[in-house]
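Asker: Contents are mmCIF, C-alpha atoms; file name protein.cif:
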```cif
data_final
#
loop_
_atom_site.group_PDB
_atom_site.id
_atom_site.type_symbol
_atom_site.label_atom_id
_atom_site.label_comp_id
_atom_site.auth_asym_id
_atom_site.auth_seq_id
_atom_site.Cartn_x
_atom_site.Cartn_y
_atom_site.Cartn_z
ATOM 1 C CA MET A 169 19.079 -21.276 -0.983
ATOM 2 C CA GLN A 170 17.953 -17.947 -2.462
ATOM 3 C CA ASP A 171 19.914 -14.828 -1.516
ATOM 4 C CA PHE A 172 17.079 -12.488 -0.521
ATOM 5 C CA SER A 173 19.491 -9.750 0.454
ATOM 6 C CA LEU A 174 20.766 -9.690 -3.117
ATOM 7 C CA ALA A 175 17.180 -9.809 -4.405
ATOM 8 C CA ARG A 176 16.377 -6.662 -2.416
ATOM 9 C CA ARG A 177 19.364 -4.813 -3.866
ATOM 10 C CA VAL A 178 18.365 -5.878 -7.386
ATOM 11 C CA MET A 179 14.780 -4.729 -6.707
ATOM 12 C CA VAL A 180 16.018 -1.297 -5.643
ATOM 13 C CA ASP A 181 18.446 -0.890 -8.548
ATOM 14 C CA ASN A 182 16.451 -2.520 -11.363
ATOM 15 C CA GLN A 183 12.820 -1.851 -10.402
ATOM 16 C CA LEU A 184 12.639 1.209 -8.159
ATOM 17 C CA ARG A 185 15.310 3.600 -9.410
ATOM 18 C CA PRO A 186 14.416 3.174 -13.129
ATOM 19 C CA GLN A 187 10.788 4.007 -12.242
ATOM 20 C CA GLY A 188 11.787 7.334 -10.691
ATOM 21 C CA VAL A 189 11.827 6.321 -7.036
ATOM 22 C CA THR A 190 14.406 8.709 -5.608
ATOM 23 C CA ASP A 191 13.337 9.260 -1.988
ATOM 24 C CA ARG A 192 16.247 8.035 0.123
ATOM 25 C CA GLY A 193 14.006 6.884 2.966
ATOM 26 C CA VAL A 194 11.841 4.828 0.625
ATOM 27 C CA LEU A 195 14.830 3.242 -1.103
ATOM 28 C CA ALA A 196 16.513 2.450 2.214
ATOM 29 C CA ALA A 197 13.380 0.895 3.707
ATOM 30 C CA MET A 198 12.611 -1.213 0.641
ATOM 31 C CA GLY A 199 16.230 -2.334 0.585
ATOM 32 C CA LYS A 200 16.027 -3.457 4.210
ATOM 33 C CA VAL A 201 12.527 -4.783 4.993
ATOM 34 C CA GLU A 202 12.356 -8.500 4.179
ATOM 35 C CA ARG A 203 9.464 -8.746 1.734
ATOM 36 C CA GLU A 204 9.719 -12.544 1.730
ATOM 37 C CA ARG A 205 8.548 -12.602 5.368
ATOM 38 C CA PHE A 206 5.147 -11.240 4.310
ATOM 39 C CA VAL A 207 4.237 -13.871 1.705
ATOM 40 C CA PRO A 208 3.326 -17.568 2.003
ATOM 41 C CA GLU A 209 6.374 -19.806 2.330
ATOM 42 C CA GLN A 210 5.723 -21.495 -1.015
ATOM 43 C CA ALA A 211 5.751 -18.092 -2.763
ATOM 44 C CA ARG A 212 8.937 -16.666 -1.256
ATOM 45 C CA ALA A 213 10.966 -17.342 -4.393
ATOM 46 C CA LEU A 214 8.656 -14.859 -6.158
ATOM 47 C CA ALA A 215 8.769 -12.211 -3.422
ATOM 48 C CA TYR A 216 10.829 -9.704 -5.428
ATOM 49 C CA PHE A 217 9.194 -10.128 -8.820
ATOM 50 C CA ASP A 218 7.618 -6.871 -9.994
ATOM 51 C CA ARG A 219 4.063 -8.117 -10.129
ATOM 52 C CA PRO A 220 1.159 -8.677 -7.705
ATOM 53 C CA LEU A 221 1.841 -11.542 -5.330
ATOM 54 C CA ALA A 222 -0.993 -13.524 -3.752
ATOM 55 C CA ILE A 223 -0.949 -13.676 0.056
ATOM 56 C CA GLY A 224 -4.212 -15.552 0.635
ATOM 57 C CA GLN A 225 -7.835 -14.569 1.296
ATOM 58 C CA GLY A 226 -8.067 -13.364 -2.309
ATOM 59 C CA ARG A 227 -5.556 -10.588 -1.675
ATOM 60 C CA SER A 228 -2.143 -9.648 -3.066
ATOM 61 C CA LEU A 229 0.894 -7.551 -2.282
ATOM 62 C CA MET A 230 1.284 -4.572 -4.602
ATOM 63 C CA PRO A 231 4.154 -4.862 -7.124
ATOM 64 C CA PRO A 232 7.324 -3.316 -5.632
ATOM 65 C CA ALA A 233 7.713 -0.595 -8.276
ATOM 66 C CA ALA A 234 4.084 0.534 -7.940
ATOM 67 C CA LEU A 235 4.350 0.697 -4.152
ATOM 68 C CA GLY A 236 7.694 2.454 -4.372
ATOM 69 C CA ARG A 237 6.264 5.120 -6.677
ATOM 70 C CA LEU A 238 3.331 5.777 -4.357
ATOM 71 C CA LEU A 239 5.562 6.108 -1.319
ATOM 72 C CA ASN A 240 7.970 8.306 -3.263
ATOM 73 C CA GLU A 241 5.132 10.696 -4.130
ATOM 74 C CA ALA A 242 3.762 10.633 -0.578
ATOM 75 C CA GLU A 243 7.134 11.755 0.819
ATOM 76 C CA PRO A 244 6.750 10.006 4.200
ATOM 77 C CA ARG A 245 8.790 11.499 7.035
ATOM 78 C CA PRO A 246 9.739 10.273 10.531
ATOM 79 C CA GLY A 247 7.193 11.213 13.166
ATOM 80 C CA GLN A 248 4.264 11.406 10.778
ATOM 81 C CA ARG A 249 1.109 9.427 11.480
ATOM 82 C CA ALA A 250 0.051 6.951 8.786
ATOM 83 C CA LEU A 251 -2.902 4.658 8.120
ATOM 84 C CA VAL A 252 -2.537 1.696 5.763
ATOM 85 C CA ILE A 253 -5.917 0.469 4.509
ATOM 86 C CA GLY A 254 -6.180 -3.109 3.285
ATOM 87 C CA SER A 255 -2.793 -3.794 4.837
ATOM 88 C CA GLY A 256 -2.799 -7.559 4.248
ATOM 89 C CA THR A 257 0.142 -9.220 5.975
ATOM 90 C CA GLY A 258 1.681 -5.834 6.751
ATOM 91 C CA TYR A 259 4.497 -5.304 4.248
ATOM 92 C CA SER A 260 3.616 -1.729 3.268
ATOM 93 C CA ALA A 261 3.004 -0.818 6.894
ATOM 94 C CA ALA A 262 6.378 -2.326 7.826
ATOM 95 C CA LEU A 263 8.078 -0.080 5.258
ATOM 96 C CA LEU A 264 6.495 3.033 6.755
ATOM 97 C CA LYS A 265 7.378 1.875 10.253
ATOM 98 C CA GLN A 266 10.977 1.345 9.114
ATOM 99 C CA MET A 267 10.960 4.956 7.896
ATOM 100 C CA GLY A 268 10.080 6.159 11.383
ATOM 101 C CA LEU A 269 6.367 6.831 10.972
ATOM 102 C CA GLU A 270 3.719 6.032 13.565
ATOM 103 C CA VAL A 271 1.691 3.432 11.670
ATOM 104 C CA LEU A 272 -1.788 2.027 12.125
ATOM 105 C CA ALA A 273 -3.066 -0.664 9.780
ATOM 106 C CA LEU A 274 -6.642 -1.593 8.905
ATOM 107 C CA GLU A 275 -7.540 -5.001 7.522
ATOM 108 C CA SER A 276 -10.868 -6.732 6.874
ATOM 109 C CA GLU A 277 -9.566 -10.318 7.155
ATOM 110 C CA GLU A 278 -8.600 -11.538 10.613
ATOM 111 C CA GLU A 279 -6.160 -14.122 9.260
ATOM 112 C CA LEU A 280 -4.184 -11.447 7.422
ATOM 113 C CA ALA A 281 -4.414 -9.053 10.361
ATOM 114 C CA SER A 282 -3.018 -11.733 12.652
ATOM 115 C CA ALA A 283 -0.053 -12.228 10.329
ATOM 116 C CA ALA A 284 0.596 -8.471 10.323
ATOM 117 C CA ARG A 285 0.455 -8.334 14.126
ATOM 118 C CA SER A 286 2.976 -11.174 14.259
ATOM 119 C CA ALA A 287 5.280 -8.932 12.207
ATOM 120 C CA GLY A 288 4.922 -6.150 14.767
ATOM 121 C CA ILE A 289 2.302 -4.061 12.972
ATOM 122 C CA ASP A 290 -0.464 -2.378 15.004
ATOM 123 C CA THR A 291 -3.392 -3.776 13.028
ATOM 124 C CA HIS A 292 -7.135 -3.336 13.498
ATOM 125 C CA VAL A 293 -9.938 -5.301 11.841
ATOM 126 C CA GLY A 294 -12.826 -3.409 10.314
ATOM 127 C CA GLU A 295 -14.601 -2.240 7.185
ATOM 128 C CA LEU A 296 -11.912 -0.842 4.912
ATOM 129 C CA ALA A 297 -14.032 1.841 3.256
ATOM 130 C CA LYS A 298 -14.731 3.482 6.626
ATOM 131 C CA GLY A 299 -11.067 3.945 7.509
ATOM 132 C CA TRP A 300 -10.111 4.190 11.179
ATOM 133 C CA THR A 301 -11.400 7.385 12.778
ATOM 134 C CA LYS A 302 -9.930 6.647 16.220
ATOM 135 C CA GLY A 303 -6.431 7.445 14.996
ATOM 136 C CA ALA A 304 -7.294 10.387 12.733
ATOM 137 C CA PRO A 305 -6.139 12.774 11.449
ATOM 138 C CA TYR A 306 -3.360 11.113 9.438
ATOM 139 C CA ASP A 307 -0.489 12.711 7.568
ATOM 140 C CA LEU A 308 -0.546 9.795 5.136
ATOM 141 C CA ILE A 309 -3.230 7.319 4.112
ATOM 142 C CA LEU A 310 -2.154 4.455 1.866
ATOM 143 C CA LEU A 311 -4.739 2.348 0.069
ATOM 144 C CA ASP A 312 -2.819 -0.903 -0.287
ATOM 145 C CA GLY A 313 -4.607 -1.998 -3.455
ATOM 146 C CA ALA A 314 -6.894 -0.747 -6.221
ATOM 147 C CA VAL A 315 -10.367 0.709 -5.664
ATOM 148 C CA GLU A 316 -13.184 1.830 -7.926
ATOM 149 C CA GLU A 317 -13.966 4.896 -5.831
ATOM 150 C CA ILE A 318 -12.588 6.638 -2.756
ATOM 151 C CA PRO A 319 -15.182 7.262 -0.032
ATOM 152 C CA ALA A 320 -15.446 10.810 1.292
ATOM 153 C CA ALA A 321 -14.986 9.401 4.799
ATOM 154 C CA LEU A 322 -11.324 8.708 4.080
ATOM 155 C CA GLY A 323 -10.629 12.257 2.970
ATOM 156 C CA LYS A 324 -12.078 13.526 6.248
ATOM 157 C CA GLN A 325 -9.458 11.488 8.139
ATOM 158 C CA LEU A 326 -6.580 13.219 6.362
ATOM 159 C CA ALA A 327 -4.682 16.060 8.047
ATOM 160 C CA SER A 328 -4.244 19.375 6.262
ATOM 161 C CA GLY A 329 -1.247 18.994 3.959
ATOM 162 C CA GLY A 330 -1.502 15.213 4.176
ATOM 163 C CA ALA A 331 -1.413 12.761 1.285
ATOM 164 C CA LEU A 332 -3.749 9.936 0.291
ATOM 165 C CA VAL A 333 -2.202 7.514 -2.197
ATOM 166 C CA GLY A 334 -3.328 4.323 -3.870
ATOM 167 C CA ALA A 335 -4.618 2.962 -7.171
ATOM 168 C CA ILE A 336 -7.963 3.493 -8.844
ATOM 169 C CA ASP A 337 -9.692 1.329 -11.430
ATOM 170 C CA ASP A 338 -10.751 3.727 -14.180
ATOM 171 C CA ARG A 339 -12.948 1.705 -16.543
ATOM 172 C CA GLY A 340 -10.606 -1.254 -16.588
ATOM 173 C CA VAL A 341 -7.339 0.700 -16.436
ATOM 174 C CA THR A 342 -5.650 0.838 -13.045
ATOM 175 C CA ARG A 343 -3.831 4.073 -12.295
ATOM 176 C CA LEU A 344 -1.658 5.123 -9.383
ATOM 177 C CA ILE A 345 -3.041 8.310 -7.850
ATOM 178 C CA VAL A 346 -1.939 10.876 -5.305
ATOM 179 C CA GLY A 347 -4.293 13.173 -3.408
ATOM 180 C CA THR A 348 -3.145 16.142 -1.326
ATOM 181 C CA CYS A 349 -5.355 17.791 1.284
ATOM 182 C CA ALA A 350 -5.506 21.596 1.360
ATOM 183 C CA ASN A 351 -8.186 23.770 2.981
ATOM 184 C CA GLY A 352 -10.410 20.758 3.537
ATOM 185 C CA ALA A 353 -10.373 19.665 -0.110
ATOM 186 C CA ILE A 354 -8.304 17.012 -1.873
ATOM 187 C CA GLY A 355 -6.610 17.641 -5.195
ATOM 188 C CA TRP A 356 -5.890 14.508 -7.220
ATOM 189 C CA ARG A 357 -3.317 13.621 -9.845
ATOM 190 C CA SER A 358 -2.514 10.417 -11.694
ATOM 191 C CA ILE A 359 1.132 9.361 -11.910
ATOM 192 C CA ALA A 360 1.192 6.069 -13.849
ATOM 193 C CA ASP A 361 -0.708 2.984 -14.934
ATOM 194 C CA ALA A 362 0.071 -0.121 -12.891
ATOM 195 C CA ASP A 363 -0.949 -3.731 -12.334
ATOM 196 C CA VAL A 364 -2.545 -3.570 -8.881
ATOM 197 C CA GLU A 365 -5.090 -6.039 -7.520
ATOM 198 C CA PRO A 366 -8.384 -4.719 -6.063
ATOM 199 C CA LEU A 367 -9.327 -4.152 -2.443
ATOM 200 C CA PRO A 368 -12.796 -5.351 -1.361
ATOM 201 C CA GLY A 369 -15.498 -2.908 -0.328
ATOM 202 C CA PHE A 370 -14.713 -0.017 -2.679
ATOM 203 C CA GLU A 371 -16.892 -0.989 -5.614
ATOM 204 C CA ARG A 372 -18.686 1.803 -7.472
ATOM 205 C CA PRO A 373 -22.505 1.478 -7.272
ATOM 206 C CA ARG A 374 -23.803 -0.201 -10.406
ATOM 207 C CA ALA A 375 -26.313 1.725 -12.503
ATOM 208 C CA PHE A 376 -29.753 0.112 -12.785
ATOM 209 C CA THR A 377 -30.457 -1.411 -16.166
ATOM 210 C CA PHE A 378 -33.605 -3.021 -17.581
#
```
Would you give me this structure, written as structure tokens?

Answerer:
Amino acid sequence: MQDFSLARRVMVDNQLRPQGVTDRGVLAAMGKVERERFVPEQARALAYFDRPLAIGQGRSLMPPAALGRLLNEAEPRPGQRALVIGSGTGYSAALLKQMGLEVLALESEEELASAARSAGIDTHVGELAKGWTKGAPYDLILLDGAVEEIPAALGKQLASGGALVGAIDDRGVTRLIVGTCANGAIGWRSIADADVEPLPGFERPRAFTF
């Protein structure tokens, strides 16, 4: 019988801290929320490996260190309002909820959304690239996967001073990015390369070729 409690402590000490994750709220939440509950039963032994983990419907959980770095940069605080896009089975949303945020999740696959609801996550089904305007503005928007481009519609759902974090596929290299909203515009910075699986619906339009 695997000791998942020990696996969480090892994840925090050997994956998160060495990657510069220092936010106490993030470390505490990732040390408490049971990641194994959000993956298929046959994959639970792999729940704390630092790599993408398939959860069905062609989707994956983000590697723990990559997610930890994004949350660390976002600096989530109790009472803030957050939207998790492409939330899958709800692990990332559960972390934010554990940190005291008011969390809405958006998922395109009903089967995954149902699993997230079973874990206590307020999850809506819809087109990921459109976000969820009914709950806007958000202090934090997390893209729970990699995208080729970020639609302007998502930036419009971000509160002034809010953060939009995720991963972007830059010509085959996936980078973790952080955007901060100020005066209606978003300033972007890249923080690291990471192995993050793509979210559907964010593909860059392909140029016409003969």

Asker: Quick one: everything within 10 Å of range 272-277 of chain A, counting all atoms listed in the file, minus sequence neighbours fewer than 4 positions away in the same chain. Send it as a PDB file with C-alpha atoms, keeping the file's coordinate frame.

Answerer:
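Ended up saving to around.pdb:
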```pdb
ATOM      1  CA  GLY A 224      -4.212 -15.552   0.635  1.00  0.00           C
ATOM      2  CA  GLN A 225      -7.835 -14.569   1.296  1.00  0.00           C
ATOM      3  CA  ARG A 227      -5.556 -10.588  -1.675  1.00  0.00           C
ATOM      4  CA  ARG A 249       1.109   9.427  11.480  1.00  0.00           C
ATOM      5  CA  ALA A 250       0.051   6.951   8.786  1.00  0.00           C
ATOM      6  CA  LEU A 251      -2.902   4.658   8.120  1.00  0.00           C
ATOM      7  CA  VAL A 252      -2.537   1.696   5.763  1.00  0.00           C
ATOM      8  CA  ILE A 253      -5.917   0.469   4.509  1.00  0.00           C
ATOM      9  CA  GLY A 254      -6.180  -3.109   3.285  1.00  0.00           C
ATOM     10  CA  SER A 255      -2.793  -3.794   4.837  1.00  0.00           C
ATOM     11  CA  GLY A 256      -2.799  -7.559   4.248  1.00  0.00           C
ATOM     12  CA  THR A 257       0.142  -9.220   5.975  1.00  0.00           C
ATOM     13  CA  GLY A 258       1.681  -5.834   6.751  1.00  0.00           C
ATOM     14  CA  SER A 260       3.616  -1.729   3.268  1.00  0.00           C
ATOM     15  CA  ALA A 261       3.004  -0.818   6.894  1.00  0.00           C
ATOM     16  CA  ALA A 262       6.378  -2.326   7.826  1.00  0.00           C
ATOM     17  CA  LEU A 264       6.495   3.033   6.755  1.00  0.00           C
ATOM     18  CA  LYS A 265       7.378   1.875  10.253  1.00  0.00           C
ATOM     19  CA  ALA A 281      -4.414  -9.053  10.361  1.00  0.00           C
ATOM     20  CA  SER A 282      -3.018 -11.733  12.652  1.00  0.00           C
ATOM     21  CA  ALA A 284       0.596  -8.471  10.323  1.00  0.00           C
ATOM     22  CA  ARG A 285       0.455  -8.334  14.126  1.00  0.00           C
ATOM     23  CA  ILE A 289       2.302  -4.061  12.972  1.00  0.00           C
ATOM     24  CA  ASP A 290      -0.464  -2.378  15.004  1.00  0.00           C
ATOM     25  CA  THR A 291      -3.392  -3.776  13.028  1.00  0.00           C
ATOM     26  CA  HIS A 292      -7.135  -3.336  13.498  1.00  0.00           C
ATOM     27  CA  VAL A 293      -9.938  -5.301  11.841  1.00  0.00           C
ATOM     28  CA  GLY A 294     -12.826  -3.409  10.314  1.00  0.00           C
ATOM     29  CA  GLU A 295     -14.601  -2.240   7.185  1.00  0.00           C
ATOM     30  CA  LEU A 296     -11.912  -0.842   4.912  1.00  0.00           C
ATOM     31  CA  ALA A 297     -14.032   1.841   3.256  1.00  0.00           C
ATOM     32  CA  LYS A 298     -14.731   3.482   6.626  1.00  0.00           C
ATOM     33  CA  GLY A 299     -11.067   3.945   7.509  1.00  0.00           C
ATOM     34  CA  TRP A 300     -10.111   4.190  11.179  1.00  0.00           C
ATOM     35  CA  GLY A 303      -6.431   7.445  14.996  1.00  0.00           C
ATOM     36  CA  TYR A 306      -3.360  11.113   9.438  1.00  0.00           C
ATOM     37  CA  ILE A 309      -3.230   7.319   4.112  1.00  0.00           C
ATOM     38  CA  LEU A 310      -2.154   4.455   1.866  1.00  0.00           C
ATOM     39  CA  LEU A 311      -4.739   2.348   0.069  1.00  0.00           C
ATOM     40  CA  ASP A 312      -2.819  -0.903  -0.287  1.00  0.00           C
ATOM     41  CA  LEU A 367      -9.327  -4.152  -2.443  1.00  0.00           C
ATOM     42  CA  PRO A 368     -12.796  -5.351  -1.361  1.00  0.00           C
ATOM     43  CA  GLY A 369     -15.498  -2.908  -0.328  1.00  0.00           C
TER      44      GLY A 369
END
```

Asker: In Å to one decimal, how far is CA of Arg176 in chain A from CA of Gly199 in chain A?

Answerer: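 Result for CA of Gly199 in chain A versus CA of Arg176 in chain A: 5.3 Å, one decimal.
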
Asker: Using all atoms listed in the file, which residues of range 169-265 of chain A come within 8 Å of range 328-351 of chain A, and what is the closest atom pair for each, with the distance in Å to one decimal? Give it as a Markdown table, sorted by chain and residue number.

Answerer:
```
| residue | atom | partner | partner_atom | distance |
| --- | --- | --- | --- | --- |
| A:Ala234 | CA | A:Leu344 | CA | 7.5 |
| A:Leu238 | CA | A:Val333 | CA | 6.2 |
| A:Leu239 | CA | A:Val333 | CA | 7.9 |
| A:Glu241 | CA | A:Val346 | CA | 7.2 |
| A:Ala242 | CA | A:Ala331 | CA | 5.9 |
```

Asker: Write the residues you've just listed into a file as a JSON list (two decimals), in the coordinates of the input, and include C-alpha atoms for each of them.

Answerer:
```json
[["chain", "number", "residue", "atom", "x", "y", "z"],
["A", 234, "ALA", "CA", 4.08, 0.53, -7.94],
["A", 238, "LEU", "CA", 3.33, 5.78, -4.36],
["A", 239, "LEU", "CA", 5.56, 6.11, -1.32],
["A", 241, "GLU", "CA", 5.13, 10.70, -4.13],
["A", 242, "ALA", "CA", 3.76, 10.63, -0.58]]
```

Asker: Using only C-alpha atoms, find the one residue out of A:Arg219, A:Lys302, A:Lys324, A:Lys200 that sits nearest to Val364 in chain A.

Answerer: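 Between A:Arg219, A:Lys302, A:Lys324, A:Lys200, the residue approaching Val364 in chain A most closely is A:Arg219.
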
Asker: Report, in Å to a single decimal, how far apart CA of Arg357 in chain A and CA of Phe370 in chain A are.

Answerer: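 According to the coordinates, CA of Phe370 in chain A and CA of Arg357 in chain A are separated by 19.2 Å.
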
Asker: Between CA of Leu326 in chain A and CA of Pro305 in chain A, what is the distance, to one decimal in Å?

Answerer: 5.1 Å

Asker: Which residues would end up in the selection if the PyMOL selection byres ((chain A and resi 267) around 8) were applied here, given that I need the answer as a list in words?

Answerer: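 So the PyMOL selection byres ((chain A and resi 267) around 8), applied here, picks out Gly193, Val194, Ala197, Pro244, Arg245, Pro246, Leu263, Leu264, Lys265, Gln266, Gly268 and Leu269 of chain A.
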
Asker: I need the residue set behind the PyMOL selection byres ((chain A and resi 231) around 6) for this file; please write it as a PyMOL selection string.

Answerer: chain A and resi 218-220+230+232-234

Asker: Write out the residues from the selection above, keeping C-alpha atoms, as a PDB file, keeping the file's coordinate frame.

Answerer:
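Heads up, here's the output in out21.pdb:
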```
ATOM      1  CA  ASP A 218       7.618  -6.871  -9.994  1.00  0.00           C
ATOM      2  CA  ARG A 219       4.063  -8.117 -10.129  1.00  0.00           C
ATOM      3  CA  PRO A 220       1.159  -8.677  -7.705  1.00  0.00           C
ATOM      4  CA  MET A 230       1.284  -4.572  -4.602  1.00  0.00           C
ATOM      5  CA  PRO A 232       7.324  -3.316  -5.632  1.00  0.00           C
ATOM      6  CA  ALA A 233       7.713  -0.595  -8.276  1.00  0.00           C
ATOM      7  CA  ALA A 234       4.084   0.534  -7.940  1.00  0.00           C
TER       8      ALA A 234
END
```

Asker: Have a look at A:Gly226, A:Gly236, A:Gly313, A:Gly247 and name the one nearest to Gln183 in chain A; count only C-alpha atoms.

Answerer: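 Nearest to Gln183 in chain A: A:Gly236.
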
Asker: Using only the atoms of range 198-217 of chain A listed in the file, plus 8 Å on each side, state the axis-aligned box centre and edge lengths in Å rounded to one decimal, as JSON.

Answerer:
```
{"center_x": 9.8, "center_y": -11.4, "center_z": -1.7, "size_x": 28.9, "size_y": 36.3, "size_z": 30.2}
```

Asker: Here is a test: counting all atoms listed in the file, which residue of A:Gln210, A:Arg237, A:Asp171, A:Phe217 is nearest to Leu184 in chain A?

Answerer: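 Of the candidates, the smallest distance to Leu184 in chain A is held by A:Arg237.
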
Asker: Between A:Gly355, A:Gly323, A:Pro208, A:Pro186, which is the closest to Ala283 in chain A once you count only C-alpha atoms?

Answerer: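 Answer, going by the shortest atom-to-atom distance: A:Pro208.
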